[in-house]
Amino acid sequence: MDTLDVIGVGIGPFNLSLAALIEPTPLRALFLEKREAFCWHPGLVLPNSRLQVSPFKDCVTLVDPTSPYSFLNYLAVNGRLYNFINKRNASTSRREFTDYYQWVARQLGTLRFHQDVLDVTATRDAYRVSTNTTTYLARAVVVAIGIEPKIPRCAKPLICNTVYHAAEYLDRGLPRTDEHVLVVGGGQSGAEIVEHMLNRPDTPRITWITARSNLFAMDDSSFVNEAYIPGYSRRFHALPFQHRRALIEREKLTSDGISAELCNRLYDMLYERDVEGAPSESFHLFCNVTLKHITPLNKRWRVDLTGLTRQQHRSIVVDRIVLATGFRPRTPLFLQSLLGSAHMENNLPVLGPDYAVSFTKPMPGQVYLQNQSRLQHGLQSANLSLVAYRNSLIINSLLGQPFYLDRSEHSLDGYDNPDHAELNAGSEAATSAENTGAIP
């Protein structure tokens, strides 16, 4: 059996980027995906959904701006380059960016769909990757299996057509005008779903709850975005674990908030509803509130809620529950087995600067983790901001030499200055702990 240089497990945005950047290299690679074709959270591709980062943080541009797989080339090939430039802003819809990803996927010959990876075993000289149809050998493996919905414990046994995660919102049938819908979660997905329902002529009755003390907008200002450049990522990775954990908590709203534009649109919509005299019971927003229990009640649901500040309790009866409660990394059995001999830190695998797992024993080659290193490399590891840069590091590591040069520009905040990083590592973590309270 021929041994490949690398196999990628999973074909989402992260490994799609890796496949596009690998193409001009001498590396022999295959990427395996159990789904029939590339898709990216199809249940959340709403008409009002916008990409929360620049579309030039695509598969390739920040590492190889001349690549044929760039978003800019996608616009040109599809005859929209002038129209895109003529828009009043440089953002794009989630729908268009999904189409961009699918356009890239159609051009790459290294992608294999209908291939469900069941096991990855280390042999003496290679990794044996077994799928539902065949077996492959590779000297290295890049695991990018994506995320799974985070479901509250009280809702797990009740998942059905009227209790489901936001990722299935478009797949479960839209709420009827005579329904009372509970939306749980105050992040971007919850806000987009609420806006979608409010924009419909047959708007249902809506109750929206969040454990946060307000609907906080994502901090997307220019200086804050300096945290999503290579220099900051390198500096973050070099910090002690406790400092990294404190910074993650402190900087949460740089990636985990509602876009300011959407916040303002929602506020305007609710204000106009009030002007028009919409019934007050048709929309309720409760902050500092958590979901405690769900009980079936005559084909409806009784929901028990608890206030976080005064520990007040109340119950409501609803027809549908949409859980916009976020996602978490998936850890299938084969990955758990692979990581069994990894160096661990606070129950997390130790990863190098190139995202390779550090093992306690000799292995046949590197195992790289994508979207599994939030506390090892920072918040950028879980979003699109540095996907191309991250994959350039993986490719250089696989080749043992710099195929992709680090052309990242200097930071206006001095994040690329080692003396600055060393000077501030302790003080910033201390300030973070002071500002955020106890570290979870």
# chains A, B, ... in the order shown; residues from 1 in each chain; ligands from 1
call {"tool": "residues_around", "arguments": {"residues": "region 100-113 of chain A", "least_positions_apart": "5", "cutoff": "9 Å", "atoms": "only C-alpha atoms", "output": "list in words"}}
result
Ile11, Gly12, Pro13, Leu16, Ser17, Ala19, Ala20, Glu23, Arg28, Ala29, Leu30, Phe31, Leu32, Glu33, Lys34, Arg35, Glu36, Ala37, Phe38, Cys39, Trp40, Asp58, Cys59, Tyr69, Ser70, Phe71, Tyr74, Leu75 and Arg95 of chain A
call {"tool": "select_by_dssp", "arguments": {"residues": "region 18-267 of chain A", "states": "strand (DSSP E)", "output": "PyMOL selection string"}}
result
chain A and resi 29-32+111-112+117-122+127-131+135-138+141-143+147-149+163-165+180-184+205-210
call {"tool": "closest_residue", "arguments": {"among": "A:Ser397, A:Thr133, A:Ser373, A:Ser408", "to": "Phe236 (chain A)", "atoms": "only C-alpha atoms"}}
result
A:Ser373
call {"tool": "residues_around", "arguments": {"residues": "Leu118 (chain A)", "least_positions_apart": "5", "cutoff": "7 Å", "atoms": "only C-alpha atoms", "output": "NGL selection string"}}
result
:A and (130-132 or 334)
call {"tool": "residues_around", "arguments": {"residues": "region 232-234 of chain A", "least_positions_apart": "2", "cutoff": "8 Å", "atoms": "only C-alpha atoms", "output": "PyMOL selection string"}}
result
chain A and resi 226-230+236-238+353+377-378+380+415-416
call {"tool": "closest_residue", "arguments": {"among": "A:Ser54, A:Asn383, A:Ser358, A:Thr66", "to": "Ala342 (chain A)", "atoms": "only C-alpha atoms"}}
result
A:Ser358
call {"tool": "residues_around", "arguments": {"residues": "Gln366 (chain A)", "least_positions_apart": "5", "cutoff": "10 Å", "atoms": "only C-alpha atoms", "output": "JSON, numbers by chain"}}
result
{"A": [6, 126, 127, 139, 140, 141, 142, 355, 356, 357, 358, 359, 394, 397, 398]}
call {"tool": "residues_around", "arguments": {"residues": "Gln336 (chain A)", "least_positions_apart": "4", "cutoff": "12 Å", "atoms": "only C-alpha atoms", "output": "list in words"}}
result
Asp119, Val120, Thr121, Val143, Arg330, Thr331, Pro332, Gly340, Ser341, Ala342, Asn347, Leu348 and Pro349 of chain A
call {"tool": "closest_residue", "arguments": {"among": "A:Ile206, A:Leu291, A:Met363, A:Leu405", "to": "Gly307 (chain A)", "atoms": "only C-alpha atoms"}}
result
A:Leu291
call {"tool": "select_by_dssp", "arguments": {"residues": "region 94-335 of chain A", "states": "alpha helix (DSSP H)", "output": "MDAnalysis selection string"}}
result
chainID A and resid 94:107 188:199 230:237 241:250 260:275 333:335
call {"tool": "write_last_selection", "arguments": {"atoms": "C-alpha atoms", "output": "short mmCIF file (atom, residue, chain, number, x, y, z; two decimals), in the first residue's frame"}}
result
data_model
loop_
_atom_site.label_atom_id
_atom_site.label_comp_id
_atom_site.auth_asym_id
_atom_site.auth_seq_id
_atom_site.Cartn_x
_atom_site.Cartn_y
_atom_site.Cartn_z
CA ARG A 94 -22.50 33.55 5.25
CA ARG A 95 -24.34 32.22 2.20
CA GLU A 96 -21.79 33.71 -0.22
CA PHE A 97 -18.84 32.49 1.85
CA THR A 98 -20.31 28.99 1.90
CA ASP A 99 -20.55 29.17 -1.89
CA TYR A 100 -16.90 30.28 -1.97
CA TYR A 101 -15.86 27.24 0.10
CA GLN A 102 -17.83 24.92 -2.18
CA TRP A 103 -16.19 26.55 -5.22
CA VAL A 104 -12.74 25.79 -3.75
CA ALA A 105 -13.75 22.23 -2.86
CA ARG A 106 -14.92 21.48 -6.41
CA GLN A 107 -11.47 22.31 -7.78
CA GLN A 188 -24.57 35.62 17.36
CA SER A 189 -26.58 32.54 16.39
CA GLY A 190 -29.38 33.30 18.84
CA ALA A 191 -29.51 36.92 17.67
CA GLU A 192 -29.65 35.93 13.99
CA ILE A 193 -32.47 33.48 14.64
CA VAL A 194 -34.46 36.06 16.60
CA GLU A 195 -33.97 38.62 13.83
CA HIS A 196 -35.03 36.06 11.23
CA MET A 197 -38.27 35.35 13.09
CA LEU A 198 -38.97 39.06 13.66
CA ASN A 199 -38.52 39.76 9.94
CA PRO A 230 0.55 35.81 13.96
CA GLY A 231 2.73 37.79 16.38
CA TYR A 232 0.08 37.71 19.10
CA SER A 233 -0.56 34.01 18.51
CA ARG A 234 3.13 33.20 18.97
CA ARG A 235 3.29 35.30 22.11
CA PHE A 236 0.15 33.70 23.55
CA HIS A 237 1.44 30.16 22.96
CA PHE A 241 -1.08 27.85 31.09
CA GLN A 242 -2.72 29.89 33.86
CA HIS A 243 -1.88 33.15 32.07
CA ARG A 244 -3.33 31.81 28.82
CA ARG A 245 -6.54 30.77 30.54
CA ALA A 246 -6.93 34.19 32.13
CA LEU A 247 -6.40 35.95 28.80
CA ILE A 248 -8.97 33.73 27.07
CA GLU A 249 -11.59 34.79 29.62
CA ARG A 250 -10.59 38.43 29.35
CA ALA A 260 -22.61 45.52 16.68
CA GLU A 261 -24.55 45.97 13.43
CA LEU A 262 -26.91 43.15 14.32
CA CYS A 263 -27.33 44.44 17.89
CA ASN A 264 -28.38 47.83 16.53
CA ARG A 265 -30.73 46.31 13.94
CA LEU A 266 -32.48 44.26 16.61
CA TYR A 267 -32.86 47.25 18.89
CA ASP A 268 -34.34 49.31 16.03
CA MET A 269 -36.77 46.49 15.17
CA LEU A 270 -37.98 46.19 18.74
CA TYR A 271 -38.31 49.96 19.03
CA GLU A 272 -40.46 50.12 15.88
CA ARG A 273 -42.61 47.26 17.16
CA ASP A 274 -43.24 49.32 20.26
CA VAL A 275 -44.12 52.38 18.15
CA LEU A 333 -12.86 7.48 19.96
CA PHE A 334 -10.00 7.29 17.47
CA LEU A 335 -8.74 10.72 18.60
#
call {"tool": "atom_distance", "arguments": {"atom1": "CA of Gly185 (chain A)", "atom2": "CA of Gly326 (chain A)"}}
result
7.9 Å
call {"tool": "closest_atom_pairs", "arguments": {"of": "region 44-145 of chain A", "to": "region 160-172 of chain A", "cutoff": "12 Å", "atoms": "only C-alpha atoms", "output": "JSON lines"}}
result
{"residue": "A:Leu44", "atom": "CA", "partner": "A:Ala167", "partner_atom": "CA", "distance": 5.6}
{"residue": "A:Val45", "atom": "CA", "partner": "A:Leu170", "partner_atom": "CA", "distance": 8.0}
{"residue": "A:Leu46", "atom": "CA", "partner": "A:Leu170", "partner_atom": "CA", "distance": 7.9}
{"residue": "A:Pro47", "atom": "CA", "partner": "A:Leu170", "partner_atom": "CA", "distance": 11.0}
call {"tool": "closest_residue", "arguments": {"among": "A:Trp208, A:Trp301, A:Phe56, A:Tyr389", "to": "Leu323 (chain A)", "atoms": "only C-alpha atoms"}}
result
A:Trp208
call {"tool": "atom_distance", "arguments": {"atom1": "CA of Val318 (chain A)", "atom2": "CA of Leu158 (chain A)"}}
result
14.0 Å
call {"tool": "closest_residue", "arguments": {"among": "A:Ser222, A:Gln311, A:His41, A:Tyr404", "to": "Ser392 (chain A)", "atoms": "only C-alpha atoms"}}
result
A:Tyr404
call {"tool": "residues_around", "arguments": {"residues": "Ala144 (chain A)", "least_positions_apart": "5", "cutoff": "6 Å", "atoms": "only C-alpha atoms", "output": "ChimeraX atom specification"}}
result
/A:9-10,370
call {"tool": "closest_atom_pairs", "arguments": {"of": "region 131-213 of chain A", "to": "region 276-285 of chain A", "cutoff": "10 Å", "atoms": "only C-alpha atoms", "output": "Markdown table"}}
result
| residue | atom | partner | partner_atom | distance |
| --- | --- | --- | --- | --- |
| A:His180 | CA | A:Ser282 | CA | 8.5 |
| A:Val181 | CA | A:Phe283 | CA | 9.7 |
| A:Leu182 | CA | A:His284 | CA | 9.5 |
| A:Val183 | CA | A:Leu285 | CA | 9.5 |
| A:Gly186 | CA | A:Leu285 | CA | 9.9 |
| A:Val194 | CA | A:Phe283 | CA | 10.0 |
| A:Leu198 | CA | A:Phe283 | CA | 9.4 |
| A:Thr203 | CA | A:Ser282 | CA | 8.9 |
| A:Pro204 | CA | A:Ser282 | CA | 7.5 |
| A:Arg205 | CA | A:Ser282 | CA | 4.6 |
| A:Ile206 | CA | A:Phe283 | CA | 4.8 |
| A:Thr207 | CA | A:His284 | CA | 4.7 |
| A:Trp208 | CA | A:Leu285 | CA | 4.8 |
| A:Ile209 | CA | A:Leu285 | CA | 5.9 |
| A:Thr210 | CA | A:Leu285 | CA | 8.2 |
call {"tool": "decode", "arguments": {"residues": "region 185-196 of chain A", "atoms": "N, CA, C and O atoms", "output": "mmCIF file, in the first residue's frame"}}
result
data_model
loop_
_atom_site.group_PDB
_atom_site.id
_atom_site.type_symbol
_atom_site.label_atom_id
_atom_site.label_comp_id
_atom_site.auth_asym_id
_atom_site.auth_seq_id
_atom_site.Cartn_x
_atom_site.Cartn_y
_atom_site.Cartn_z
ATOM 1 N N GLY A 185 -29.844 31.522 24.602
ATOM 2 C CA GLY A 185 -28.487 31.882 24.220
ATOM 3 C C GLY A 185 -28.399 33.275 23.644
ATOM 4 O O GLY A 185 -29.158 33.633 22.742
ATOM 5 N N GLY A 186 -27.450 34.072 24.163
ATOM 6 C CA GLY A 186 -27.331 35.474 23.767
ATOM 7 C C GLY A 186 -26.149 35.769 22.874
ATOM 8 O O GLY A 186 -25.611 36.879 22.918
ATOM 9 N N GLY A 187 -25.735 34.801 22.050
ATOM 10 C CA GLY A 187 -24.643 35.029 21.118
ATOM 11 C C GLY A 187 -25.149 35.331 19.719
ATOM 12 O O GLY A 187 -26.336 35.599 19.501
ATOM 13 N N GLN A 188 -24.236 35.254 18.738
ATOM 14 C CA GLN A 188 -24.565 35.623 17.359
ATOM 15 C C GLN A 188 -25.662 34.738 16.766
ATOM 16 O O GLN A 188 -26.580 35.242 16.124
ATOM 17 N N SER A 189 -25.590 33.439 16.977
ATOM 18 C CA SER A 189 -26.582 32.541 16.389
ATOM 19 C C SER A 189 -27.980 32.823 16.934
ATOM 20 O O SER A 189 -28.959 32.875 16.179
ATOM 21 N N GLY A 190 -28.076 32.991 18.252
ATOM 22 C CA GLY A 190 -29.378 33.304 18.839
ATOM 23 C C GLY A 190 -29.931 34.603 18.304
ATOM 24 O O GLY A 190 -31.121 34.712 18.000
ATOM 25 N N ALA A 191 -29.072 35.613 18.166
ATOM 26 C CA ALA A 191 -29.509 36.918 17.671
ATOM 27 C C ALA A 191 -29.968 36.828 16.217
ATOM 28 O O ALA A 191 -30.970 37.436 15.829
ATOM 29 N N GLU A 192 -29.254 36.070 15.396
ATOM 30 C CA GLU A 192 -29.649 35.929 13.992
ATOM 31 C C GLU A 192 -30.977 35.202 13.857
ATOM 32 O O GLU A 192 -31.807 35.560 13.007
ATOM 33 N N ILE A 193 -31.204 34.207 14.690
ATOM 34 C CA ILE A 193 -32.471 33.475 14.639
ATOM 35 C C ILE A 193 -33.623 34.370 15.093
ATOM 36 O O ILE A 193 -34.707 34.375 14.481
ATOM 37 N N VAL A 194 -33.416 35.134 16.153
ATOM 38 C CA VAL A 194 -34.463 36.061 16.603
ATOM 39 C C VAL A 194 -34.770 37.086 15.522
ATOM 40 O O VAL A 194 -35.939 37.367 15.223
ATOM 41 N N GLU A 195 -33.743 37.650 14.900
ATOM 42 C CA GLU A 195 -33.968 38.617 13.828
ATOM 43 C C GLU A 195 -34.715 37.978 12.662
ATOM 44 O O GLU A 195 -35.621 38.588 12.075
ATOM 45 N N HIS A 196 -34.351 36.757 12.328
ATOM 46 C CA HIS A 196 -35.028 36.059 11.228
ATOM 47 C C HIS A 196 -36.510 35.900 11.514
ATOM 48 O O HIS A 196 -37.358 36.128 10.643
#
